[in-house]
>>> print(open('upload24.cif').read())   # mmCIF, C-alpha atoms
data_upload
loop_
_atom_site.label_atom_id
_atom_site.label_comp_id
_atom_site.auth_asym_id
_atom_site.auth_seq_id
_atom_site.Cartn_x
_atom_site.Cartn_y
_atom_site.Cartn_z
CA GLY X 1405 -78.53 128.23 -12.47
CA SER X 1406 -76.68 126.70 -15.37
CA PRO X 1407 -74.94 123.36 -15.89
CA VAL X 1408 -71.24 123.19 -15.16
CA PRO X 1409 -69.19 120.40 -16.77
CA ILE X 1410 -67.17 118.40 -14.23
CA GLY X 1411 -63.72 116.95 -14.86
CA PRO X 1412 -61.80 115.33 -16.16
CA GLY X 1413 -60.31 115.78 -12.71
CA PRO X 1414 -58.02 113.33 -10.96
CA ARG X 1415 -59.58 110.05 -10.00
CA ALA X 1416 -60.61 110.08 -6.34
CA ALA X 1417 -58.21 108.12 -4.22
CA ALA X 1418 -59.60 104.85 -2.92
CA ALA X 1419 -60.45 105.01 0.74
CA ALA X 1420 -58.28 102.78 2.87
CA VAL X 1421 -60.43 99.96 4.23
CA LEU X 1422 -57.97 97.66 5.91
CA PRO X 1423 -58.48 93.89 5.96
CA GLY X 1424 -59.22 92.41 9.32
CA VAL X 1425 -61.94 92.43 11.90
CA ASP X 1426 -64.13 95.45 12.55
CA SER X 1427 -64.42 95.79 16.30
CA ALA X 1428 -67.99 97.05 16.22
CA THR X 1429 -69.46 94.15 14.28
CA GLY X 1430 -66.89 91.38 14.01
CA TRP X 1431 -67.12 91.54 10.22
CA VAL X 1432 -64.17 90.42 8.16
CA ARG X 1433 -63.39 91.54 4.64
CA PRO X 1434 -62.89 88.60 2.27
CA PRO X 1435 -59.27 87.57 1.67
CA GLY X 1436 -57.72 87.89 -1.77
CA GLY X 1437 -58.25 91.61 -2.27
CA ALA X 1438 -59.19 93.14 -5.59
CA ALA X 1439 -58.22 90.13 -7.70
CA ALA X 1440 -60.62 87.86 -5.83
CA SER X 1441 -63.45 90.33 -6.15
CA ARG X 1442 -62.82 90.80 -9.87
CA SER X 1443 -63.10 87.10 -10.51
CA ALA X 1444 -66.41 87.05 -8.67
CA ALA X 1445 -67.80 90.14 -10.40
CA PRO X 1446 -70.57 89.56 -12.92
CA ALA X 1447 -69.53 90.11 -16.53
CA THR X 1448 -71.83 93.03 -17.21
CA VAL X 1449 -71.22 95.61 -19.87
CA PRO X 1450 -72.58 99.05 -18.92
CA ARG X 1451 -74.96 100.53 -21.44
CA PRO X 1452 -73.71 103.76 -22.97
CA GLY X 1453 -74.93 106.87 -21.23
CA PRO X 1454 -77.10 109.49 -22.89
CA ALA X 1455 -75.13 111.38 -25.50
CA PRO X 1456 -75.91 114.68 -27.19
CA ASP X 1457 -75.35 115.01 -30.93
CA SER X 1458 -71.65 115.68 -30.47
CA GLY X 1459 -71.21 112.04 -29.45
CA ARG X 1460 -69.33 113.01 -26.29
CA TRP X 1461 -71.02 113.09 -22.91
CA ARG X 1462 -69.43 114.86 -19.98
CA PRO X 1463 -70.38 114.71 -16.32
CA TRP X 1464 -72.21 117.84 -15.25
CA ARG X 1465 -73.71 119.57 -12.26
CA PHE X 1466 -76.53 122.08 -12.11
CA ARG X 1467 -76.63 124.66 -9.32
CA MET X 1468 -80.00 125.83 -8.01
CA SER X 1469 -80.69 129.19 -6.43
CA ASN X 1470 -82.47 127.36 -3.60
CA GLU X 1471 -81.92 124.13 -1.67
CA VAL X 1472 -82.70 120.95 -3.57
CA TRP X 1473 -84.29 117.98 -1.80
CA GLY X 1474 -85.41 114.44 -2.31
CA THR X 1475 -84.53 111.87 -4.93
CA PRO X 1476 -84.25 112.87 -8.60
CA THR X 1477 -86.66 111.30 -11.10
CA VAL X 1478 -85.52 110.26 -14.58
CA ALA X 1479 -88.14 109.94 -17.32
CA GLY X 1480 -87.01 109.77 -20.93
CA ASP X 1481 -84.49 112.50 -21.72
CA LEU X 1482 -85.36 114.62 -18.68
CA LEU X 1483 -84.35 114.62 -15.03
CA TYR X 1484 -86.89 116.10 -12.60
CA VAL X 1485 -85.83 117.51 -9.23
CA THR X 1486 -87.68 119.46 -6.56
CA SER X 1487 -86.32 122.63 -5.05
CA PHE X 1488 -88.63 125.52 -4.29
CA GLU X 1489 -89.81 124.70 -7.80
CA VAL X 1490 -89.84 121.64 -10.04
CA HIS X 1491 -86.87 121.76 -12.42
CA ALA X 1492 -86.59 119.66 -15.60
CA LEU X 1493 -82.99 119.18 -16.74
CA ASP X 1494 -81.72 117.59 -19.95
CA VAL X 1495 -79.95 114.35 -18.97
CA GLY X 1496 -77.34 114.76 -21.69
CA SER X 1497 -76.24 118.35 -21.08
CA GLY X 1498 -77.67 119.38 -17.73
CA ARG X 1499 -79.39 122.35 -19.34
CA ARG X 1500 -82.66 123.32 -17.71
CA GLN X 1501 -85.63 122.87 -20.04
CA PHE X 1502 -88.16 124.50 -17.73
CA LYS X 1503 -89.03 125.17 -14.11
CA THR X 1504 -92.35 125.76 -12.38
CA ARG X 1505 -93.48 128.86 -10.54
CA ASP X 1506 -94.54 126.91 -7.47
CA VAL X 1507 -92.89 125.05 -4.66
CA ALA X 1508 -93.27 121.26 -4.84
CA TRP X 1509 -93.11 119.62 -1.42
CA SER X 1510 -94.16 116.37 -3.06
CA MET X 1511 -93.99 115.25 -6.67
CA ALA X 1512 -94.70 112.25 -8.88
CA VAL X 1513 -93.95 111.85 -12.59
CA ALA X 1514 -96.14 109.39 -14.50
CA ASP X 1515 -97.60 108.95 -17.96
CA GLY X 1516 -96.17 112.17 -19.38
CA ARG X 1517 -97.36 114.32 -16.50
CA ILE X 1518 -95.79 115.93 -13.43
CA HIS X 1519 -98.11 115.91 -10.43
CA ALA X 1520 -97.03 118.09 -7.54
CA SER X 1521 -98.29 119.85 -4.44
CA ASP X 1522 -97.19 123.00 -2.64
CA GLY X 1523 -99.22 121.89 0.39
CA PRO X 1524 -102.65 123.52 0.06
CA SER X 1525 -103.00 122.92 -3.67
CA LEU X 1526 -102.46 120.14 -6.19
CA TYR X 1527 -101.33 120.87 -9.73
CA THR X 1528 -100.39 118.95 -12.87
CA LEU X 1529 -97.96 119.94 -15.62
CA ASP X 1530 -97.05 118.51 -18.98
CA ALA X 1531 -93.80 116.60 -18.39
CA THR X 1532 -92.22 117.68 -21.68
CA ASP X 1533 -92.78 121.46 -21.62
CA GLY X 1534 -93.96 122.28 -18.08
CA VAL X 1535 -97.27 123.77 -19.23
CA GLU X 1536 -99.86 123.65 -16.46
CA ARG X 1537 -102.76 121.29 -17.21
CA TRP X 1538 -104.89 121.81 -14.13
CA ARG X 1539 -104.77 123.04 -10.54
CA LEU X 1540 -107.08 122.77 -7.55
CA ALA X 1541 -107.20 123.64 -3.88
CA THR X 1542 -107.23 120.69 -1.48
CA ASP X 1543 -109.20 120.60 1.78
CA ALA X 1544 -106.04 120.10 3.84
CA TRP X 1545 -102.23 120.09 3.49
CA VAL X 1546 -100.96 117.39 1.13
CA TYR X 1547 -98.09 115.50 2.77
CA ALA X 1548 -97.72 112.71 0.18
CA LEU X 1549 -98.62 112.07 -3.42
CA ARG X 1550 -98.59 109.00 -5.67
CA ALA X 1551 -99.48 108.62 -9.36
CA GLU X 1552 -100.00 105.65 -11.66
CA ARG X 1553 -102.21 104.53 -14.56
CA GLY X 1554 -104.06 107.83 -14.86
CA THR X 1555 -104.83 108.13 -11.14
CA VAL X 1556 -103.31 110.51 -8.57
CA VAL X 1557 -103.64 109.61 -4.88
CA THR X 1558 -102.99 112.25 -2.23
CA ALA X 1559 -102.73 111.98 1.55
CA THR X 1560 -103.68 115.06 3.58
CA ARG X 1561 -103.15 116.13 7.17
CA GLY X 1562 -105.92 115.02 9.48
CA GLY X 1563 -106.42 111.57 8.00
CA GLY X 1564 -107.65 112.29 4.48
CA VAL X 1565 -106.93 110.20 1.39
CA GLN X 1566 -108.14 111.35 -2.04
CA ALA X 1567 -107.99 109.99 -5.58
CA TRP X 1568 -108.03 112.24 -8.66
CA GLU X 1569 -108.30 111.75 -12.42
CA ALA X 1570 -104.77 112.53 -13.63
CA SER X 1571 -105.83 114.15 -16.89
CA SER X 1572 -108.41 116.57 -15.49
CA GLY X 1573 -108.16 116.78 -11.70
CA GLN X 1574 -111.69 115.41 -11.26
CA LYS X 1575 -112.06 113.94 -7.76
CA LEU X 1576 -112.76 110.22 -7.96
CA TRP X 1577 -113.25 109.47 -4.25
CA GLU X 1578 -112.04 110.36 -0.78
CA LEU X 1579 -111.99 108.93 2.71
CA THR X 1580 -111.21 110.21 6.20
CA GLY X 1581 -109.69 108.75 9.35
CA ALA X 1582 -106.83 107.00 7.52
CA GLN X 1583 -103.12 106.92 8.40
CA THR X 1584 -103.78 109.40 11.22
CA ASP X 1585 -100.92 108.34 13.53
CA PHE X 1586 -98.08 108.79 11.03
CA GLU X 1587 -98.42 111.54 8.47
CA THR X 1588 -95.11 111.13 6.65
CA VAL X 1589 -94.15 110.32 3.09
CA GLU X 1590 -92.87 106.88 4.14
CA ALA X 1591 -96.09 106.01 5.98
CA ALA X 1592 -98.46 107.26 3.28
CA PRO X 1593 -100.91 105.04 1.38
CA VAL X 1594 -99.32 102.83 -1.26
CA LEU X 1595 -100.57 102.84 -4.87
CA ALA X 1596 -99.68 99.81 -7.00
CA ASP X 1597 -101.28 98.04 -9.97
CA GLY X 1598 -104.59 99.85 -9.62
CA THR X 1599 -104.94 99.26 -5.86
CA VAL X 1600 -104.52 101.69 -2.96
CA TYR X 1601 -103.45 100.21 0.39
CA VAL X 1602 -104.44 102.29 3.42
CA TRP X 1603 -104.30 101.86 7.21
CA GLN X 1604 -107.67 102.95 8.55
CA ASP X 1605 -109.59 102.11 11.74
CA ALA X 1606 -106.90 99.59 12.82
CA ARG X 1607 -107.35 97.71 9.55
CA LEU X 1608 -105.24 97.35 6.43
CA LYS X 1609 -107.54 97.98 3.48
CA ALA X 1610 -107.12 97.37 -0.24
CA LEU X 1611 -109.19 99.82 -2.30
CA ASP X 1612 -109.76 100.03 -6.03
CA ALA X 1613 -107.78 103.09 -7.17
CA ARG X 1614 -110.48 104.33 -9.55
CA SER X 1615 -113.65 103.75 -7.53
CA GLY X 1616 -112.40 103.60 -3.94
CA ARG X 1617 -114.36 100.37 -3.51
CA GLU X 1618 -112.94 98.11 -0.79
CA ALA X 1619 -111.60 94.81 -2.14
CA TRP X 1620 -110.67 93.46 1.31
CA SER X 1621 -109.54 94.51 4.76
CA TYR X 1622 -107.52 92.83 7.48
CA PRO X 1623 -107.43 93.69 11.24
CA ILE X 1624 -103.79 94.74 11.43
CA GLY X 1625 -104.28 96.65 14.71
CA ASP X 1626 -103.83 100.23 15.85
CA ALA X 1627 -100.56 102.10 16.30
CA ALA X 1628 -99.95 100.69 19.80
CA SER X 1629 -100.38 97.10 18.64
CA CYS X 1630 -98.09 97.82 15.67
CA GLY X 1631 -95.18 98.89 17.88
CA ASN X 1632 -95.92 102.62 17.47
CA VAL X 1633 -94.27 102.58 14.04
CA PRO X 1634 -95.99 102.92 10.66
CA VAL X 1635 -97.32 99.85 8.88
CA ARG X 1636 -95.11 99.40 5.80
CA ILE X 1637 -96.43 97.72 2.65
CA THR X 1638 -94.72 96.10 -0.36
CA PRO X 1639 -96.94 94.78 -3.17
CA ALA X 1640 -94.96 92.09 -4.98
CA PRO X 1641 -95.15 90.57 -8.48
CA ASP X 1642 -95.86 87.11 -7.02
CA GLY X 1643 -99.45 88.16 -6.32
CA ASN X 1644 -98.95 88.92 -2.64
CA VAL X 1645 -98.49 92.02 -0.55
CA TYR X 1646 -95.85 91.84 2.19
CA VAL X 1647 -96.56 93.89 5.29
CA ALA X 1648 -94.32 94.95 8.18
CA ALA X 1649 -96.46 95.89 11.19
CA GLY X 1650 -94.35 96.53 14.27
CA THR X 1651 -92.58 93.25 15.03
CA ARG X 1652 -94.75 91.26 12.60
CA VAL X 1653 -94.32 90.45 8.93
CA LEU X 1654 -97.34 89.17 7.00
CA SER X 1655 -97.90 87.81 3.52
CA VAL X 1656 -101.37 88.66 2.22
CA ASP X 1657 -102.90 87.44 -1.04
CA ARG X 1658 -103.44 90.62 -3.06
CA ALA X 1659 -106.64 89.38 -4.69
CA SER X 1660 -108.48 87.87 -1.72
CA GLY X 1661 -106.91 89.47 1.36
CA ARG X 1662 -106.22 86.02 2.83
CA VAL X 1663 -103.17 85.93 5.10
CA ARG X 1664 -100.79 83.23 3.89
CA TRP X 1665 -98.34 83.43 6.81
CA HIS X 1666 -96.99 85.71 9.48
CA PHE X 1667 -93.60 86.00 11.11
CA GLU X 1668 -92.76 87.49 14.51
CA ALA X 1669 -89.45 89.21 15.27
CA PRO X 1670 -88.04 90.51 18.59
CA ALA X 1671 -87.73 94.15 17.41
CA VAL X 1672 -89.84 96.48 15.27
CA PHE X 1673 -89.34 97.07 11.56
CA MET X 1674 -89.06 100.70 10.41
CA ALA X 1675 -88.68 99.85 6.71
CA PRO X 1676 -90.89 97.91 4.29
CA PRO X 1677 -90.02 94.37 3.21
CA ALA X 1678 -88.02 93.83 0.03
CA PHE X 1679 -89.14 91.04 -2.31
CA ALA X 1680 -86.79 89.17 -4.65
CA PRO X 1681 -88.36 86.78 -7.19
CA GLY X 1682 -87.25 83.20 -7.71
CA PRO X 1683 -86.55 80.23 -5.44
CA ALA X 1684 -84.59 80.60 -2.22
CA VAL X 1685 -81.63 78.68 -3.64
CA THR X 1686 -81.05 81.56 -6.08
CA GLY X 1687 -81.66 84.32 -3.54
CA GLY X 1688 -85.41 84.73 -3.90
CA GLY X 1689 -87.45 85.61 -0.84
CA VAL X 1690 -88.50 88.43 1.47
CA TYR X 1691 -85.74 90.48 3.10
CA LEU X 1692 -85.95 93.15 5.77
CA ALA X 1693 -84.01 94.76 8.58
CA ASP X 1694 -85.31 95.74 12.02
CA TYR X 1695 -84.27 98.90 13.87
CA LEU X 1696 -81.51 97.03 15.71
CA GLY X 1697 -79.96 96.24 12.33
CA THR X 1698 -80.77 92.53 12.26
CA VAL X 1699 -81.37 91.44 8.67
CA TYR X 1700 -83.88 88.64 8.05
CA ALA X 1701 -84.33 86.42 5.01
CA LEU X 1702 -87.83 84.91 5.00
CA ASP X 1703 -89.07 82.16 2.70
CA ALA X 1704 -91.70 83.82 0.49
CA ALA X 1705 -93.91 80.70 0.47
CA THR X 1706 -93.86 79.80 4.17
CA GLY X 1707 -92.57 82.82 6.12
CA THR X 1708 -89.89 80.78 7.90
CA ASP X 1709 -86.63 82.64 8.42
CA ARG X 1710 -83.83 81.11 6.34
CA TRP X 1711 -81.23 83.20 8.13
CA ARG X 1712 -80.81 86.31 10.23
CA ILE X 1713 -77.65 88.31 10.86
CA ALA X 1714 -76.80 91.41 12.90
CA THR X 1715 -75.33 94.58 11.41
CA GLU X 1716 -75.70 97.74 13.52
CA PRO X 1717 -78.64 99.87 14.72
CA ARG X 1718 -80.60 101.28 11.80
CA THR X 1719 -83.15 104.10 11.93
CA SER X 1720 -83.56 104.23 8.13
CA ALA X 1721 -87.03 103.87 6.66
CA GLU X 1722 -85.49 102.59 3.41
CA PRO X 1723 -85.86 98.92 2.47
CA VAL X 1724 -82.78 96.75 1.97
CA ILE X 1725 -81.80 96.31 -1.69
CA VAL X 1726 -81.63 92.79 -3.15
CA ALA X 1727 -79.77 92.50 -6.47
CA ASN X 1728 -77.80 89.76 -8.21
CA GLY X 1729 -77.81 87.44 -5.21
CA SER X 1730 -76.69 90.08 -2.70
CA VAL X 1731 -78.47 92.07 0.00
CA HIS X 1732 -77.22 95.65 0.37
CA LEU X 1733 -78.14 97.97 3.22
CA GLY X 1734 -76.90 101.09 4.91
CA ALA X 1735 -76.73 100.89 8.72
CA GLY X 1736 -75.15 103.72 10.66
CA SER X 1737 -72.23 105.04 8.62
CA ALA X 1738 -71.47 101.71 6.91
CA LEU X 1739 -72.76 99.88 3.87
CA TYR X 1740 -73.17 96.13 4.40
CA THR X 1741 -73.46 93.46 1.72
CA LEU X 1742 -74.60 89.89 2.51
CA ASP X 1743 -75.04 86.78 0.40
CA ALA X 1744 -78.79 86.54 -0.23
CA VAL X 1745 -78.81 82.74 -0.21
CA THR X 1746 -76.78 82.07 2.94
CA GLY X 1747 -76.60 85.38 4.80
CA THR X 1748 -72.81 85.16 4.77
CA PRO X 1749 -71.23 88.62 5.10
CA LYS X 1750 -69.51 89.62 1.85
CA TRP X 1751 -68.10 93.00 2.81
CA ARG X 1752 -68.62 96.13 4.87
CA PHE X 1753 -67.59 99.62 3.76
CA ALA X 1754 -67.29 102.47 6.26
CA ALA X 1755 -68.21 105.93 4.97
CA GLY X 1756 -67.35 109.16 6.78
CA GLY X 1757 -70.92 109.81 7.94
CA GLU X 1758 -74.40 108.35 8.24
CA ILE X 1759 -75.62 106.64 5.05
CA THR X 1760 -78.44 108.72 3.54
CA GLY X 1761 -81.27 107.32 1.44
CA SER X 1762 -81.02 103.98 -0.29
CA PRO X 1763 -78.13 102.62 -2.37
CA ALA X 1764 -78.58 102.30 -6.14
CA VAL X 1765 -77.27 99.04 -7.61
CA ALA X 1766 -76.58 98.71 -11.35
CA ASP X 1767 -74.00 97.16 -13.67
CA GLY X 1768 -72.01 95.55 -10.86
CA ARG X 1769 -71.69 98.78 -8.88
CA VAL X 1770 -73.28 100.18 -5.72
CA HIS X 1771 -73.80 103.95 -5.48
CA PHE X 1772 -74.78 105.67 -2.24
CA GLY X 1773 -74.69 109.02 -0.48
CA SER X 1774 -73.56 109.94 2.99
CA ALA X 1775 -73.93 112.75 5.50
CA ASP X 1776 -70.17 113.34 5.02
CA SER X 1777 -71.18 115.13 1.77
CA CYS X 1778 -69.73 112.39 -0.44
CA LEU X 1779 -71.22 110.23 -3.17
CA TYR X 1780 -69.56 106.79 -3.21
CA THR X 1781 -69.35 104.11 -5.90
CA LEU X 1782 -68.18 100.63 -4.87
CA ASP X 1783 -67.62 97.36 -6.66
CA ALA X 1784 -70.75 95.34 -5.80
CA ALA X 1785 -68.91 92.02 -5.56
CA GLY X 1786 -65.93 92.99 -3.42
CA GLY X 1787 -66.76 96.36 -1.87
CA GLN X 1788 -63.72 98.17 -3.29
CA LEU X 1789 -64.09 101.92 -3.72
CA ARG X 1790 -64.21 102.74 -7.42
CA TRP X 1791 -64.58 106.50 -6.99
CA LYS X 1792 -66.11 109.05 -4.70
CA LEU X 1793 -67.12 112.66 -5.17
CA ALA X 1794 -67.04 115.22 -2.37
CA THR X 1795 -69.91 117.70 -2.74
CA GLY X 1796 -70.53 120.77 -0.66
CA GLY X 1797 -73.35 119.26 1.40
CA GLU X 1798 -75.11 116.13 2.58
CA ILE X 1799 -76.50 113.94 -0.23
CA THR X 1800 -80.32 114.17 -0.15
CA GLY X 1801 -82.70 111.35 -0.98
CA SER X 1802 -81.15 108.48 -2.92
CA PRO X 1803 -78.93 108.43 -5.99
CA VAL X 1804 -80.42 107.14 -9.24
CA ALA X 1805 -78.40 104.98 -11.66
CA GLU X 1806 -79.70 105.00 -15.21
CA ALA X 1807 -77.99 104.02 -18.50
CA GLY X 1808 -74.45 104.30 -17.17
CA VAL X 1809 -75.02 107.62 -15.40
CA VAL X 1810 -75.54 108.33 -11.68
CA TYR X 1811 -77.68 111.29 -10.65
CA ALA X 1812 -77.66 112.71 -7.12
CA CYS X 1813 -78.84 115.79 -5.26
CA SER X 1814 -76.82 117.53 -2.55
CA LYS X 1815 -77.55 120.14 0.09
CA ASP X 1816 -74.93 122.29 -1.67
CA ARG X 1817 -77.91 123.17 -3.96
CA CYS X 1818 -76.47 121.13 -6.83
CA VAL X 1819 -77.71 118.23 -8.94
CA TYR X 1820 -74.91 115.98 -10.19
CA ALA X 1821 -74.74 113.68 -13.22
CA LEU X 1822 -71.67 111.44 -13.12
CA ASP X 1823 -70.22 108.63 -15.17
CA ALA X 1824 -71.23 105.51 -13.22
CA ALA X 1825 -67.90 103.80 -13.92
CA LYS X 1826 -65.51 106.72 -13.64
CA GLY X 1827 -67.18 109.51 -11.69
CA THR X 1828 -65.94 112.81 -13.06
CA GLY X 1829 -63.84 111.08 -15.73
CA THR X 1830 -65.07 111.58 -19.29
CA ARG X 1831 -65.62 109.01 -21.95
CA THR X 1832 -66.79 108.80 -25.53
CA SER X 1833 -70.21 107.21 -25.91
CA SER X 1834 -70.33 104.21 -28.16
#
>>> encode(input="upload24.cif", output="structure tokens")
Amino acid sequence: GSPVPIGPGPRAAAAAVLPGVDSATGWVRPPGGAAASRSAAPATVPRPGPAPDSGRWRPWRFRMSNEVWGTPTVAGDLLYVTSFEVHALDVGSGRRQFKTRDVAWSMAVADGRIHASDGPSLYTLDATDGVERWRLATDAWVYALRAERGTVVTATRGGGVQAWEASSGQKLWELTGAQTDFETVEAAPVLADGTVYVWQDARLKALDARSGREAWSYPIGDAASCGNVPVRITPAPDGNVYVAAGTRVLSVDRASGRVRWHFEAPAVFMAPPAFAPGPAVTGGGVYLADYLGTVYALDAATGTDRWRIATEPRTSAEPVIVANGSVHLGAGSALYTLDAVTGTPKWRFAAGGEITGSPAVADGRVHFGSADSCLYTLDAAGGQLRWKLATGGEITGSPVAEAGVVYACSKDRCVYALDAAKGTGTRTSS
């Protein structure tokens, strides 16, 4: 594979989203059209994208020889993607710097290292040159992998959870009988700020990432009492961990394990809670959507629901995105945006297929992929289509928006790097 510059092709025509009521949801687009949305848009200036020495950056795509999957990872000047190997691409040019010999079903990039697993083995590479640092055989198939602060945590089939020293591969600790009902990436143990959260023996446990020592545990219940869906966990910067367990949402003090409040909904939650800092009057709180597509805004201090509003049925395991006073979520083949303070619908945009992954919100724009093989960029305030790119396959994982560039992977075996404002249009970096 080699990078192919894209553009400057014609700007994609804006999709026609007519004003008026959508029969499925009763949603109405705001009156006033583009002018109204422009006046409401935040005055953000996009940072210049990465530029090679020539001073001119062009959108590019890189074609793999095999299918590419998952969400790309940007770290420094490199973009890491998983195909049947790990590929490291230069963000400025799209040129491949290195690729691994091995398949990577799961991958994490942290602290200058790439940690990956081909299933029966775990291996670590230098993130800058791809040189292998260590490799070991695991006792069972690795289905998920997390890395942070010099620790790698793996989850293996049959209920195993292991922690490894990131620099050497030394095993720090392991446990069995954890997460046994749902062995998926979404349901895997969560690693955050030196703590591993696992669901074991019908309890939610917080373990020290280095020693495995239990800090606290809470009787969350077994799979049946959690609605036969995975327990989903969001550690938040306010010192609490927010937990969705079936139809329940709990706020647990991260230090002590004390439950501060719990909230009960009529339907189960497939996705973890999303936390937004600040007081409720500025859009702070806990936001989540159940599988029927009802979006809830909970007060972070008390757990009372400030508002709830219906969208459409949603099987996604992705959390809603809260940014700049708005809540964005994909439900079915539409992207919905609500006012975070009041729950008032702002706009709804219908794509040509099921929304895939999670939207990326940056610089007043929302980027998302769809099963219709297109990558869309909308104005975050008004929902107008800024540009879209038709690829040759369904967008995989979620797009990533970084420094004025959007990166996305497609089932057409390509990785795309696009100008966040103009798509395939070119521009001179400042």
>>> closest_residue(input="upload24.cif", among="X:Val1495, X:Leu1702, X:Trp1473, X:Thr1584", to="X:Gly1761", atoms="all atoms listed in the file")
X:Trp1473
>>> resolve_selection(input="upload24.cif", expression="the PyMOL selection byres ((chain X and resi 1537) around 10)", output="list in words")
Arg1517, Ile1518, His1519, Tyr1527, Thr1528, Leu1529, Asp1530, Gly1534, Val1535, Glu1536, Trp1538, Arg1539, Ala1570, Ser1571, Ser1572 and Gly1573 of chain X
>>> write_last_selection(input="upload24.cif", atoms="C-alpha atoms", output="PDB file, in the coordinates of the input")
ATOM      1  CA  ARG X1517     -97.360 114.320 -16.500  1.00  0.00           C
ATOM      2  CA  ILE X1518     -95.790 115.930 -13.430  1.00  0.00           C
ATOM      3  CA  HIS X1519     -98.110 115.910 -10.430  1.00  0.00           C
ATOM      4  CA  TYR X1527    -101.330 120.870  -9.730  1.00  0.00           C
ATOM      5  CA  THR X1528    -100.390 118.950 -12.870  1.00  0.00           C
ATOM      6  CA  LEU X1529     -97.960 119.940 -15.620  1.00  0.00           C
ATOM      7  CA  ASP X1530     -97.050 118.510 -18.980  1.00  0.00           C
ATOM      8  CA  GLY X1534     -93.960 122.280 -18.080  1.00  0.00           C
ATOM      9  CA  VAL X1535     -97.270 123.770 -19.230  1.00  0.00           C
ATOM     10  CA  GLU X1536     -99.860 123.650 -16.460  1.00  0.00           C
ATOM     11  CA  TRP X1538    -104.890 121.810 -14.130  1.00  0.00           C
ATOM     12  CA  ARG X1539    -104.770 123.040 -10.540  1.00  0.00           C
ATOM     13  CA  ALA X1570    -104.770 112.530 -13.630  1.00  0.00           C
ATOM     14  CA  SER X1571    -105.830 114.150 -16.890  1.00  0.00           C
ATOM     15  CA  SER X1572    -108.410 116.570 -15.490  1.00  0.00           C
ATOM     16  CA  GLY X1573    -108.160 116.780 -11.700  1.00  0.00           C
TER      17      GLY X1573
END
>>> residues_around(input="upload24.cif", residues="X:Phe1466", least_positions_apart="3", cutoff="7 Å", atoms="all atoms listed in the file", output="PDB file with C-alpha atoms, in the frame of the given file")
ATOM      1  CA  GLY X1405     -78.530 128.230 -12.470  1.00  0.00           C
ATOM      2  CA  SER X1406     -76.680 126.700 -15.370  1.00  0.00           C
ATOM      3  CA  PRO X1407     -74.940 123.360 -15.890  1.00  0.00           C
ATOM      4  CA  VAL X1408     -71.240 123.190 -15.160  1.00  0.00           C
ATOM      5  CA  GLY X1498     -77.670 119.380 -17.730  1.00  0.00           C
ATOM      6  CA  CYS X1818     -76.470 121.130  -6.830  1.00  0.00           C
ATOM      7  CA  VAL X1819     -77.710 118.230  -8.940  1.00  0.00           C
ATOM      8  CA  TYR X1820     -74.910 115.980 -10.190  1.00  0.00           C
TER       9      TYR X1820
END
>>> residues_around(input="upload24.cif", residues="X:Trp1464", least_positions_apart="3", cutoff="12 Å", atoms="only C-alpha atoms", output="ChimeraX atom specification")
/X:1406-1412,1461,1467,1493-1499,1809-1812,1818-1823,1827-1830
>>> resolve_selection(input="upload24.cif", expression="the PyMOL selection byres ((chain X and resi 1745) around 8)", output="ChimeraX atom specification")
/X:1684-1688,1729,1743-1744,1746-1747
>>> residues_around(input="upload24.cif", residues="X:Arg1636", least_positions_apart="6", cutoff="12 Å", atoms="only C-alpha atoms", output="ChimeraX atom specification")
/X:1583,1586,1588-1594,1601-1603,1608,1624,1630,1645-1654,1672-1678,1692,1721-1723
>>> atom_distance(input="upload24.cif", atom1="atom CA of X:Ala1610", atom2="atom CA of X:Val1557")
13.5 Å
>>> resolve_selection(input="upload24.cif", expression="the PyMOL selection byres ((chain X and resi 1769-1771) around 8)", output="ChimeraX atom specification")
/X:1763-1768,1772-1773,1779-1784,1803,1805,1810
>>> atom_distance(input="upload24.cif", atom1="atom CA of X:Gln1604", atom2="atom CA of X:Tyr1547")
16.8 Å
>>> residues_around(input="upload24.cif", residues="X:Ser1615", least_positions_apart="2", cutoff="9 Å", atoms="all atoms listed in the file", output="short mmCIF file (atom, residue, chain, number, x, y, z; two decimals) with C-alpha atoms, in the frame of the given file")
data_model
loop_
_atom_site.label_atom_id
_atom_site.label_comp_id
_atom_site.auth_asym_id
_atom_site.auth_seq_id
_atom_site.Cartn_x
_atom_site.Cartn_y
_atom_site.Cartn_z
CA ALA X 1567 -107.99 109.99 -5.58
CA LEU X 1576 -112.76 110.22 -7.96
CA TRP X 1577 -113.25 109.47 -4.25
CA LEU X 1611 -109.19 99.82 -2.30
CA ASP X 1612 -109.76 100.03 -6.03
CA ALA X 1613 -107.78 103.09 -7.17
CA ARG X 1617 -114.36 100.37 -3.51
CA GLU X 1618 -112.94 98.11 -0.79
#
>>> closest_residue(input="upload24.cif", among="X:Ala1754, X:Ala1714, X:Ala1680, X:Leu1579", to="X:Leu1696", atoms="only C-alpha atoms")
X:Ala1714
>>> atom_distance(input="upload24.cif", atom1="atom CA of X:Phe1667", atom2="atom CA of X:Gly1581")
27.9 Å
>>> residues_near_point(input="upload24.cif", point="(-106.7, 123.0, -2.0)", cutoff="7 Å", atoms="all atoms listed in the file", output="PyMOL selection string")
chain X and resi 1524-1526+1540-1544
>>> closest_residue(input="upload24.cif", among="X:Trp1791, X:Phe1679, X:Tyr1622, X:Trp1711", to="X:Lys1609", atoms="only C-alpha atoms")
X:Tyr1622
>>> residues_near_point(input="upload24.cif", point="(-101.7, 98.2, -8.6)", cutoff="12 Å", atoms="all atoms listed in the file", output="ChimeraX atom specification")
/X:1550-1555,1594-1601,1610-1614,1638-1641,1643-1645,1658-1659
